[in-house]
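Worksheet: one structure, shown below.
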Amino acid sequence: METIAPLWLWIVFVVFVLAALFVDFVVLKKQGAHEVTIKEAVNWSLVWVGLSFVFNALFWWAVKDSTGSTAMANEKSLEFLTGYLIEKSLAVDNIFVFLLIFTYFSVPAAFQKRVLMIGIIGAIFLRTIMILVGGWLLSEFHWILYLFGAFLILTGVKMWWAAGKEESLEDNPALKLLRKVLPVSQHYDGEKFWTVENGKKIATPLLMVICLVGLTDVIFAVDSIPAIFAITKDPFIVLTSNVFAILGLRAMFFLLQAAASRFHLLNYGLAVILVFIGTKMMLIDIFKIPVSVSLGVVLGILAITMVWSSKTAPNT
């Protein structure tokens with residue numbers, strides 16, 4: 001796997017992520033269990049988006065410095081931005097599933113913050129492995145791009161077909177499996193993952209929620225990671241754009257939680273994006289769609305869907 005990023009930028013990225021997680025955990029610990037307000041969610045969302053753009057600017061400078069080419073730096077920074085936007089937009093659908101899980105298990109609002117924080121750490125670890133493996137496969141077997149492309153197109157069609165239909169966890173195979181493996185209490189015990197009932201140590205519903213959030217994120221990563229590989233084969237860009245989008249997932253969740261009904265048509269837009277990216281993959285050896293065009297298409301689809309959703313949002 002080849003990357004244009006210099007070694008020092010990899011080190012900066014790792015240090016930055018560790019520092020960001022440390023600060024987030026310190027803030028989380030000081031605040032304790034509490035319900036996240038809209039203002040807090042907006043502020044943190046702006047912080048994570050701003051830091052992502054700062055990192056992209058640093059990436060642009062690093063490419064420019066190592067290659068001496070402004071055009072190359074522009075192209076690679078556009079690839080990062082497009083990958084970040086794709087992951088961010090697909091994360092919205094992920095968030096709606098999180099909402100479904102929290103509602104199904106009646107997770108108290110004060111506990112949701114911790115669940116998402118732990119879920120983010122698990123997502124970063126698992127996605128790093130998936131990206132490195134995916135990057136190696138693509139470098140060794142070019143034809144896998146066609147499989148990824150076909151998979152994204154089928155996923156997009158399936159998402160369009162399922163859009164607007166009421167979701168349920170009752171028949172979820174992951175939930176059924178977890179219930180067989182873990183004896184679960186019917187009651188929460190604060191923010192604990194384990195409790196004691198009748199002298200026996202069993203899981204609390206909060207642990208079940210953590211497991212489901214992690215499994216859900218892995219399932220969605222199967223869609224988003226190939227979509228970003230369609231934009232660039234550089235593992236550094238795929239990994240960093242993915243991780244920066246994930247770091248802002250917790251704040252994004254609480255931001256969208258209050259306005260979920262206003263994005264009721266977003267799945268249609270996400271379905272079109274997946275079909276477009278899948279088609280781009282399938283045509284890669286025939287016609288290479290420029291990154292700037294891909295970015296414009298993704299932005300355009302999201303903008304149209306958001307406006308469409310706002311105009312047709314049900315009155316509440």
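Following the order of the structure tokens, first chain is A, next is B, and so on, with residues numbered from 1 inside each chain and ligands from 1 in the order they appear.
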> Could you pull the residues within 8 Å of segment 291-296 of chain A, counting only C-alpha atoms, minus those fewer than 3 positions along the same chain, as a VMD selection string?
Replying inline: chain A and resid 75 78 to 79 81 to 82 231 299 to 300
Would you write out those residues with all heavy atoms, as a tab-separated table (two decimals), in the first residue's frame?
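again.tsv, freshly written:
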chain	number	residue	atom	x	y	z
A	75	GLU	N	-5.30	18.23	-5.33
A	75	GLU	CA	-6.02	17.00	-5.62
A	75	GLU	C	-6.18	16.14	-4.37
A	75	GLU	O	-7.27	15.62	-4.09
A	75	GLU	CB	-5.29	16.21	-6.71
A	75	GLU	CG	-5.99	14.90	-7.06
A	75	GLU	CD	-5.23	14.08	-8.11
A	75	GLU	OE1	-4.22	14.60	-8.65
A	75	GLU	OE2	-5.64	12.94	-8.37
A	78	LEU	N	-8.56	17.61	-1.84
A	78	LEU	CA	-9.94	17.41	-2.32
A	78	LEU	C	-10.40	15.97	-2.06
A	78	LEU	O	-11.56	15.74	-1.72
A	78	LEU	CB	-10.04	17.73	-3.81
A	78	LEU	CG	-10.39	19.16	-4.21
A	78	LEU	CD1	-10.44	19.28	-5.72
A	78	LEU	CD2	-11.72	19.60	-3.60
A	79	GLU	N	-9.48	15.02	-2.23
A	79	GLU	CA	-9.82	13.63	-1.94
A	79	GLU	C	-10.16	13.45	-0.46
A	79	GLU	O	-11.12	12.75	-0.11
A	79	GLU	CB	-8.64	12.71	-2.32
A	79	GLU	CG	-8.45	12.57	-3.83
A	79	GLU	CD	-7.26	11.69	-4.18
A	79	GLU	OE1	-6.55	11.24	-3.24
A	79	GLU	OE2	-7.02	11.45	-5.37
A	81	LEU	N	-11.31	15.80	1.56
A	81	LEU	CA	-12.57	16.50	1.81
A	81	LEU	C	-13.75	15.68	1.32
A	81	LEU	O	-14.79	15.58	2.00
A	81	LEU	CB	-12.55	17.87	1.14
A	81	LEU	CG	-13.80	18.74	1.32
A	81	LEU	CD1	-14.03	19.02	2.80
A	81	LEU	CD2	-13.64	20.05	0.55
A	82	THR	N	-13.62	15.08	0.13
A	82	THR	CA	-14.70	14.26	-0.42
A	82	THR	C	-14.94	13.02	0.43
A	82	THR	O	-16.09	12.67	0.73
A	82	THR	CB	-14.39	13.84	-1.87
A	82	THR	OG1	-14.09	15.00	-2.66
A	82	THR	CG2	-15.57	13.10	-2.49
A	231	ILE	N	-12.89	7.01	-4.18
A	231	ILE	CA	-12.35	8.36	-4.39
A	231	ILE	C	-10.84	8.35	-4.44
A	231	ILE	O	-10.20	9.03	-5.24
A	231	ILE	CB	-12.83	9.31	-3.26
A	231	ILE	CG1	-14.36	9.33	-3.18
A	231	ILE	CG2	-12.29	10.71	-3.46
A	231	ILE	CD1	-15.04	9.79	-4.44
A	299	LEU	N	-22.15	16.91	-2.75
A	299	LEU	CA	-22.69	18.14	-2.13
A	299	LEU	C	-24.05	18.49	-2.71
A	299	LEU	O	-24.97	18.87	-1.97
A	299	LEU	CB	-21.71	19.30	-2.36
A	299	LEU	CG	-20.48	19.36	-1.46
A	299	LEU	CD1	-19.53	20.46	-1.95
A	299	LEU	CD2	-20.88	19.62	-0.02
A	300	GLY	N	-24.18	18.36	-4.03
A	300	GLY	CA	-25.44	18.69	-4.68
A	300	GLY	C	-26.58	17.79	-4.23
A	300	GLY	O	-27.69	18.26	-3.93
For segment 74-189 of chain A versus segment 266-275 of chain A, which residues have an atom no more than 9 Å away, and what is each residue's nearest atom pair and distance in Å rounded to one decimal, using only C-alpha atoms, chain-then-number order, as a Markdown table?
| residue | atom | partner | partner_atom | distance |
| --- | --- | --- | --- | --- |
| A:Ile86 | CA | A:Ile273 | CA | 8.3 |
| A:Ser89 | CA | A:Leu270 | CA | 7.3 |
| A:Leu90 | CA | A:Leu270 | CA | 6.6 |
| A:Val92 | CA | A:Leu266 | CA | 8.4 |
| A:Asp93 | CA | A:Asn267 | CA | 6.9 |
| A:Gly149 | CA | A:Val275 | CA | 8.4 |
| A:Ala150 | CA | A:Val275 | CA | 8.8 |
| A:Leu152 | CA | A:Leu274 | CA | 5.5 |
| A:Ile153 | CA | A:Val275 | CA | 4.3 |
| A:Leu154 | CA | A:Val275 | CA | 7.6 |
| A:Thr155 | CA | A:Leu274 | CA | 7.2 |
| A:Gly156 | CA | A:Ala271 | CA | 4.1 |
| A:Val157 | CA | A:Ala271 | CA | 6.4 |
| A:Lys158 | CA | A:Ala271 | CA | 7.9 |
| A:Met159 | CA | A:Ala271 | CA | 5.5 |
| A:Trp160 | CA | A:Tyr268 | CA | 5.3 |
| A:Trp161 | CA | A:Tyr268 | CA | 8.7 |
| A:Ala162 | CA | A:Asn267 | CA | 8.7 |
| A:Ala163 | CA | A:Asn267 | CA | 5.7 |
| A:Gly164 | CA | A:Asn267 | CA | 8.1 |
Selection from above, C-alpha atoms, as a compact mmCIF listing (two decimals), in the first residue's frame, can you write it?
# COMPACT_ATOMS: atom_id res chain seq x y z
CA ILE A 86 -19.09 10.89 2.24
CA SER A 89 -23.21 11.96 5.28
CA LEU A 90 -23.42 8.17 5.61
CA VAL A 92 -26.33 10.32 9.44
CA ASP A 93 -28.03 7.04 8.56
CA GLY A 149 -18.76 -1.02 -6.83
CA ALA A 150 -21.47 -3.61 -7.40
CA LEU A 152 -22.43 -0.19 -3.22
CA ILE A 153 -24.95 -0.03 -6.07
CA LEU A 154 -26.97 -2.90 -4.58
CA THR A 155 -26.77 -1.28 -1.13
CA GLY A 156 -27.98 2.02 -2.56
CA VAL A 157 -30.94 0.34 -4.27
CA LYS A 158 -31.78 -1.50 -1.05
CA MET A 159 -31.53 1.73 0.97
CA TRP A 160 -33.87 3.51 -1.45
CA TRP A 161 -36.35 0.64 -1.25
CA ALA A 162 -36.27 0.63 2.57
CA ALA A 163 -36.40 4.44 2.94
CA GLY A 164 -39.50 5.67 4.73
>> Give me the residues near Trp60 of chain A as number ranges by chain, where near means some atom within 9 Å (using only C-alpha atoms) and where sequence neighbours in that chain fewer than 5 positions away do not count.
In response: A: 55, 65, 70, 72-77
What does the file look like for those residues with N, CA, C and O atoms, as a PDB file, in the first residue's frame?
ATOM      1  N   PHE A  55      -6.638  20.043   9.839  1.00  0.00           N
ATOM      2  CA  PHE A  55      -5.794  18.902   9.474  1.00  0.00           C
ATOM      3  C   PHE A  55      -5.659  18.791   7.960  1.00  0.00           C
ATOM      4  O   PHE A  55      -4.581  18.479   7.449  1.00  0.00           O
ATOM      5  N   ASP A  65       4.885  20.345   0.182  1.00  0.00           N
ATOM      6  CA  ASP A  65       6.294  20.400   0.595  1.00  0.00           C
ATOM      7  C   ASP A  65       7.071  19.186   0.101  1.00  0.00           C
ATOM      8  O   ASP A  65       8.234  19.307  -0.294  1.00  0.00           O
ATOM      9  N   THR A  70       1.725  22.049  -6.420  1.00  0.00           N
ATOM     10  CA  THR A  70       0.488  22.611  -5.874  1.00  0.00           C
ATOM     11  C   THR A  70      -0.721  21.853  -6.387  1.00  0.00           C
ATOM     12  O   THR A  70      -1.696  21.628  -5.658  1.00  0.00           O
ATOM     13  N   MET A  72      -0.894  18.676  -7.152  1.00  0.00           N
ATOM     14  CA  MET A  72      -1.001  17.420  -6.412  1.00  0.00           C
ATOM     15  C   MET A  72      -1.582  17.665  -5.024  1.00  0.00           C
ATOM     16  O   MET A  72      -2.434  16.902  -4.547  1.00  0.00           O
ATOM     17  N   ALA A  73      -1.136  18.732  -4.383  1.00  0.00           N
ATOM     18  CA  ALA A  73      -1.645  19.072  -3.049  1.00  0.00           C
ATOM     19  C   ALA A  73      -3.136  19.376  -3.099  1.00  0.00           C
ATOM     20  O   ALA A  73      -3.896  18.945  -2.228  1.00  0.00           O
ATOM     21  N   ASN A  74      -3.559  20.103  -4.133  1.00  0.00           N
ATOM     22  CA  ASN A  74      -4.989  20.416  -4.290  1.00  0.00           C
ATOM     23  C   ASN A  74      -5.817  19.144  -4.489  1.00  0.00           C
ATOM     24  O   ASN A  74      -6.888  18.988  -3.906  1.00  0.00           O
ATOM     25  N   GLU A  75      -5.295  18.233  -5.327  1.00  0.00           N
ATOM     26  CA  GLU A  75      -6.023  17.001  -5.621  1.00  0.00           C
ATOM     27  C   GLU A  75      -6.178  16.138  -4.372  1.00  0.00           C
ATOM     28  O   GLU A  75      -7.269  15.621  -4.086  1.00  0.00           O
ATOM     29  N   LYS A  76      -5.093  15.988  -3.609  1.00  0.00           N
ATOM     30  CA  LYS A  76      -5.133  15.126  -2.429  1.00  0.00           C
ATOM     31  C   LYS A  76      -6.000  15.725  -1.320  1.00  0.00           C
ATOM     32  O   LYS A  76      -6.701  14.987  -0.608  1.00  0.00           O
ATOM     33  N   SER A  77      -5.961  17.036  -1.159  1.00  0.00           N
ATOM     34  CA  SER A  77      -6.805  17.664  -0.145  1.00  0.00           C
ATOM     35  C   SER A  77      -8.279  17.567  -0.530  1.00  0.00           C
ATOM     36  O   SER A  77      -9.155  17.416   0.339  1.00  0.00           O
TER      37      SER A  77
END
>> From the options A:Leu255, A:Ala109, A:Ile4, A:Leu21, which residue's atoms come nearest to Gly190 of chain A, counting only C-alpha atoms?
In response: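 Smallest distance to Gly190 of chain A is found for A:Ala109.
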> atom CA of Val243 of chain A and atom CA of Val12 of chain A, how far apart in Å?
Replying inline: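 It comes out at 13.6 Å.
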> Tell me, which residues of segment 28-261 of chain A carry DSSP helix (DSSP H, G or I), written as a PyMOL selection string?
Replying inline: chain A and resi 28-31+38-67+70-104+109-140+144-162+173-181+205-229+235-247+249-257+260-261
> When distances are computed from only C-alpha atoms, which of A:Lys311, A:Arg250, A:Lys64, A:Lys288 shows the smallest separation from Lys113 of chain A?
Replying inline: A:Arg250
> Among segment 34-244 of chain A, which ones does DSSP place in strand (DSSP E), written as a PyMOL selection string?
Replying inline: chain A and resi 194-197+200-203
>> For Pro6 of chain A, find every residue with an atom within 12 Å (counting only C-alpha atoms), except residues of its own chain fewer than 5 positions away, and show them as a PyMOL selection string.
In response: chain A and resi 11-13+58-67+236
Output C-alpha atoms of each residue in that selection to a file, as a short mmCIF file (atom, residue, chain, number, x, y, z; two decimals), in the first residue's frame.
data_model
loop_
_atom_site.label_atom_id
_atom_site.label_comp_id
_atom_site.auth_asym_id
_atom_site.auth_seq_id
_atom_site.Cartn_x
_atom_site.Cartn_y
_atom_site.Cartn_z
CA ILE A 11 2.77 10.55 13.68
CA VAL A 12 0.98 13.90 13.94
CA PHE A 13 -2.31 12.21 13.07
CA LEU A 58 -1.77 20.65 7.15
CA PHE A 59 -2.10 17.69 4.78
CA TRP A 60 -2.16 20.07 1.79
CA TRP A 61 1.03 21.76 3.01
CA ALA A 62 2.75 18.39 3.63
CA VAL A 63 1.96 17.16 0.09
CA LYS A 64 3.05 20.48 -1.40
CA ASP A 65 6.29 20.40 0.60
CA SER A 66 7.15 16.77 -0.25
CA THR A 67 6.19 16.82 -3.95
CA PHE A 236 -3.80 7.57 4.70
#
>> Which residues are close to Ile38 of chain A, i.e. within 9 Å by only C-alpha atoms, leaving aside same-chain residues fewer than 4 positions away? Reply as JSON, numbers by chain.
In response: {"A": [42, 43, 254, 255, 258]}
Shell of 8 Å around segment 101-108 of chain A, only C-alpha atoms, local chain residues under 5 positions omitted, as an mmCIF file with all heavy atoms, in the first residue's frame:
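Written file, part38.cif:
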data_model
loop_
_atom_site.group_PDB
_atom_site.id
_atom_site.type_symbol
_atom_site.label_atom_id
_atom_site.label_comp_id
_atom_site.auth_asym_id
_atom_site.auth_seq_id
_atom_site.Cartn_x
_atom_site.Cartn_y
_atom_site.Cartn_z
ATOM 1 N N LEU A 169 -36.185 -3.461 15.835
ATOM 2 C CA LEU A 169 -35.073 -4.283 16.294
ATOM 3 C C LEU A 169 -35.519 -5.695 16.673
ATOM 4 O O LEU A 169 -34.697 -6.541 17.005
ATOM 5 C CB LEU A 169 -34.412 -3.633 17.521
ATOM 6 C CG LEU A 169 -33.506 -2.427 17.258
ATOM 7 C CD1 LEU A 169 -33.007 -1.867 18.577
ATOM 8 C CD2 LEU A 169 -32.332 -2.794 16.381
ATOM 9 N N PRO A 205 -28.662 -3.551 30.607
ATOM 10 C CA PRO A 205 -29.049 -3.175 29.245
ATOM 11 C C PRO A 205 -28.040 -2.251 28.573
ATOM 12 O O PRO A 205 -27.931 -2.233 27.349
ATOM 13 C CB PRO A 205 -30.396 -2.474 29.453
ATOM 14 C CG PRO A 205 -30.934 -3.059 30.712
ATOM 15 C CD PRO A 205 -29.728 -3.287 31.584
ATOM 16 N N LEU A 206 -27.258 -1.492 29.395
ATOM 17 C CA LEU A 206 -26.286 -0.556 28.832
ATOM 18 C C LEU A 206 -25.186 -1.297 28.074
ATOM 19 O O LEU A 206 -24.710 -0.826 27.040
ATOM 20 C CB LEU A 206 -25.685 0.304 29.945
ATOM 21 C CG LEU A 206 -25.103 1.653 29.502
ATOM 22 C CD1 LEU A 206 -26.184 2.531 28.884
ATOM 23 C CD2 LEU A 206 -24.464 2.379 30.691
ATOM 24 N N VAL A 209 -26.526 -2.304 24.745
ATOM 25 C CA VAL A 209 -26.564 -1.149 23.849
ATOM 26 C C VAL A 209 -25.180 -0.890 23.260
ATOM 27 O O VAL A 209 -25.037 -0.642 22.056
ATOM 28 C CB VAL A 209 -27.074 0.103 24.589
ATOM 29 C CG1 VAL A 209 -26.920 1.341 23.719
ATOM 30 C CG2 VAL A 209 -28.531 -0.086 24.988
ATOM 31 N N LEU A 212 -24.458 -3.439 20.541
ATOM 32 C CA LEU A 212 -25.237 -3.192 19.331
ATOM 33 C C LEU A 212 -24.726 -1.974 18.561
ATOM 34 O O LEU A 212 -24.680 -1.983 17.331
ATOM 35 C CB LEU A 212 -26.707 -2.987 19.693
ATOM 36 C CG LEU A 212 -27.535 -4.260 19.902
ATOM 37 C CD1 LEU A 212 -28.945 -3.912 20.343
ATOM 38 C CD2 LEU A 212 -27.572 -5.096 18.630
ATOM 39 N N VAL A 213 -24.333 -0.932 19.280
ATOM 40 C CA VAL A 213 -23.772 0.255 18.633
ATOM 41 C C VAL A 213 -22.494 -0.111 17.883
ATOM 42 O O VAL A 213 -22.270 0.322 16.749
ATOM 43 C CB VAL A 213 -23.501 1.370 19.669
ATOM 44 C CG1 VAL A 213 -22.617 2.466 19.078
ATOM 45 C CG2 VAL A 213 -24.813 1.980 20.146
#
>> With only C-alpha atoms as the counted atoms, please give the residues lying no more than 10 Å from Lys201 of chain A, apart from itself and same-chain residues fewer than 4 positions off, as a list of chain:residue names.
In response: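 The residues satisfying every condition are A:Pro183, A:Val184, A:Ser185, A:Trp194, A:Thr195, A:Val196, A:Glu197.
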Taking C-alpha atoms for each residue, export the selection above as a CSV table (one decimal), in the first residue's frame.
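Just written: selection-v5.csv:
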chain,number,residue,atom,x,y,z
A,183,PRO,CA,-28.0,-12.9,30.4
A,184,VAL,CA,-29.3,-9.3,30.7
A,185,SER,CA,-31.0,-7.5,33.5
A,194,TRP,CA,-22.6,-5.3,35.0
A,195,THR,CA,-24.9,-5.8,38.0
A,196,VAL,CA,-25.7,-8.5,40.5
A,197,GLU,CA,-29.1,-10.1,40.7
Using only C-alpha atoms, find each residue of segment 40-150 of chain A with at least one atom at most 12 Å away from an atom of segment 222-228 of chain A; report its shortest atom-to-atom pair and that distance in Å (one decimal), sort the rows by chain and rising residue number, and return the result as a Markdown table.
| residue | atom | partner | partner_atom | distance |
| --- | --- | --- | --- | --- |
| A:Glu79 | CA | A:Ile228 | CA | 8.7 |
| A:Phe80 | CA | A:Ile228 | CA | 9.0 |
| A:Leu81 | CA | A:Ile228 | CA | 10.4 |
| A:Thr82 | CA | A:Ile228 | CA | 8.0 |
| A:Gly83 | CA | A:Ile228 | CA | 5.1 |
| A:Tyr84 | CA | A:Ile228 | CA | 8.3 |
| A:Leu85 | CA | A:Ile228 | CA | 9.6 |
| A:Ile86 | CA | A:Ile228 | CA | 7.1 |
| A:Glu87 | CA | A:Ser224 | CA | 5.9 |
| A:Lys88 | CA | A:Ser224 | CA | 9.4 |
| A:Ser89 | CA | A:Ser224 | CA | 9.5 |
| A:Leu90 | CA | A:Ser224 | CA | 6.8 |
| A:Ala91 | CA | A:Ser224 | CA | 8.6 |
| A:Val92 | CA | A:Ser224 | CA | 11.6 |
| A:Asp93 | CA | A:Ser224 | CA | 11.1 |
| A:Asn94 | CA | A:Ser224 | CA | 10.6 |
| A:Leu126 | CA | A:Val222 | CA | 11.1 |
| A:Arg127 | CA | A:Ile225 | CA | 8.2 |
| A:Thr128 | CA | A:Ile225 | CA | 10.2 |
| A:Ile129 | CA | A:Ile225 | CA | 11.2 |
| A:Met130 | CA | A:Ile225 | CA | 8.1 |
| A:Ile131 | CA | A:Ile225 | CA | 6.9 |
| A:Leu132 | CA | A:Ile225 | CA | 10.6 |
| A:Val133 | CA | A:Ile225 | CA | 11.0 |
| A:Gly134 | CA | A:Pro226 | CA | 8.0 |
| A:Gly135 | CA | A:Pro226 | CA | 9.6 |
| A:Leu137 | CA | A:Pro226 | CA | 11.4 |
| A:Leu138 | CA | A:Pro226 | CA | 10.1 |
| A:Ile144 | CA | A:Pro226 | CA | 10.0 |
| A:Leu145 | CA | A:Pro226 | CA | 8.2 |
| A:Tyr146 | CA | A:Pro226 | CA | 10.5 |
| A:Leu147 | CA | A:Pro226 | CA | 9.7 |
| A:Phe148 | CA | A:Pro226 | CA | 6.0 |
| A:Gly149 | CA | A:Pro226 | CA | 7.8 |
| A:Ala150 | CA | A:Pro226 | CA | 10.6 |
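Minimum atom-to-atom distances from A:Leu9, A:Leu265, A:Val307, A:Val14 to Asn56 of chain A were compared using only C-alpha atoms, and the lowest value belongs to A:Leu9.
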> Between atom CA of Glu2 of chain A and atom CA of Asp234 of chain A, what is the distance, to one decimal in Å?
Replying inline: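 Going from atom CA of Glu2 of chain A over to atom CA of Asp234 of chain A, I get 6.5 Å.
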